[in-house]
Amino acid sequence: MGDSEFQPVSLDSISNTLAYLGALYAQKLAENLNKADSSSSGKLADSIVPLDVTVFGSVYAVEIEAAKFAKFIDEGVNGWAKNRGSKFTFKGGKSSGKRKGGGARPLTEMQKSVKEWLLREGNMSRNISRPTTQREARQMSITSATDRAAISAAFMIKRQGIKPTHFWRDATKEMRSIVEIELGKALKVDIINSITV
């Protein structure tokens, strides 16, 4: 008013609150994932982290980073033999397990992830057969028991699909009211602080 100078309102409290909300959101995502008993999703819970608050002009944002397969665990994946009601579906079907030129095919990313889980959780099959012929013995020496179990488990996952957990959707629903309340409080603090300066 009159000759007084205007200064932009500092939104430090909003920025700090967004950082807090990002951490809380990541925590709720991990908790919901554990509640859904998705420990078999590997390192997904550990991959969920809030990023730093960013400011684009007058827009403040905080993003949550997670392993790219989080959406498949949240929404599920249709299997070859079972429809899970998901927009995602596993590609392909049975394969021979052999590549051109002979020899066993290297493990796919999914098979590697299943193998890590088998080793971590100790869920190796108890009924791994012993070789009965020399040919079987040679094949078994090429592919370890863990690799075979991972290949078999990955095949069954693709066949049956992945049941949706909705861990992300549910955490988002929980966070809506919290975000509204916390940002309202932060905005009041920033406005009061700008008036008293």
# chains A, B, ... in the order shown; residues from 1 in each chain; ligands from 1
>>> residues_around(residues="Glu75 in chain A", least_positions_apart="5", cutoff="12 Å", atoms="only C-alpha atoms", output="number ranges by chain")
A: 69-70, 84-89, 161-170
>>> residues_around(residues="Met175 in chain A", least_positions_apart="5", cutoff="9 Å", atoms="only C-alpha atoms", output="list in words")
Leu21, Leu24, Tyr25, Lys28, Asp170 and Glu180 of chain A
>>> closest_residue(among="A:Ile48, A:Ala36, A:Leu18, A:Ala81", to="Ile157 in chain A", atoms="only C-alpha atoms")
A:Ala81
>>> select_by_dssp(residues="range 38-83 of chain A", states="alpha helix (DSSP H)", output="list in words")
Leu44, Ala45, Asp46, Ser47, Ala70, Lys71, Phe72, Ile73, Asp74 and Glu75 of chain A
>>> atom_distance(atom1="CA of Pro50 in chain A", atom2="CA of Glu63 in chain A")
5.9 Å
>>> atom_distance(atom1="CA of Ile151 in chain A", atom2="CA of Lys91 in chain A")
15.6 Å
>>> residues_around(residues="Ser113 in chain A", least_positions_apart="6", cutoff="12 Å", atoms="only C-alpha atoms", output="JSON, numbers by chain")
{"A": [40, 41, 42, 43, 44, 69, 107, 119, 120, 146, 147, 149, 150, 151, 153, 154]}
>>> residues_around(residues="Phe90 in chain A", least_positions_apart="6", cutoff="12 Å", atoms="only C-alpha atoms", output="ChimeraX atom specification")
/A:72,76-84,110,154-162
>>> atom_distance(atom1="CA of Ile14 in chain A", atom2="CA of Leu51 in chain A")
15.5 Å
>>> residues_around(residues="Val189 in chain A", least_positions_apart="6", cutoff="10 Å", atoms="only C-alpha atoms", output="VMD selection string")
chain A and resid 11 to 14 183
>>> write_last_selection(atoms="N, CA, C and O atoms", output="CSV table (one decimal), in the first residue's frame")
chain,number,residue,atom,x,y,z
A,11,LEU,N,8.1,-19.7,1.1
A,11,LEU,CA,7.3,-20.9,1.4
A,11,LEU,C,8.2,-22.0,2.0
A,11,LEU,O,8.2,-23.2,1.6
A,12,ASP,N,9.0,-21.6,3.0
A,12,ASP,CA,10.0,-22.6,3.6
A,12,ASP,C,9.2,-23.7,4.3
A,12,ASP,O,9.6,-24.9,4.2
A,13,SER,N,8.1,-23.4,5.0
A,13,SER,CA,7.4,-24.4,5.7
A,13,SER,C,6.7,-25.4,4.7
A,13,SER,O,6.7,-26.6,5.0
A,14,ILE,N,6.2,-24.9,3.6
A,14,ILE,CA,5.6,-25.7,2.6
A,14,ILE,C,6.7,-26.7,2.1
A,14,ILE,O,6.5,-27.9,1.9
A,183,LEU,N,-0.4,-29.6,4.5
A,183,LEU,CA,-0.1,-28.5,3.6
A,183,LEU,C,-0.9,-27.3,4.1
A,183,LEU,O,-0.4,-26.1,4.0
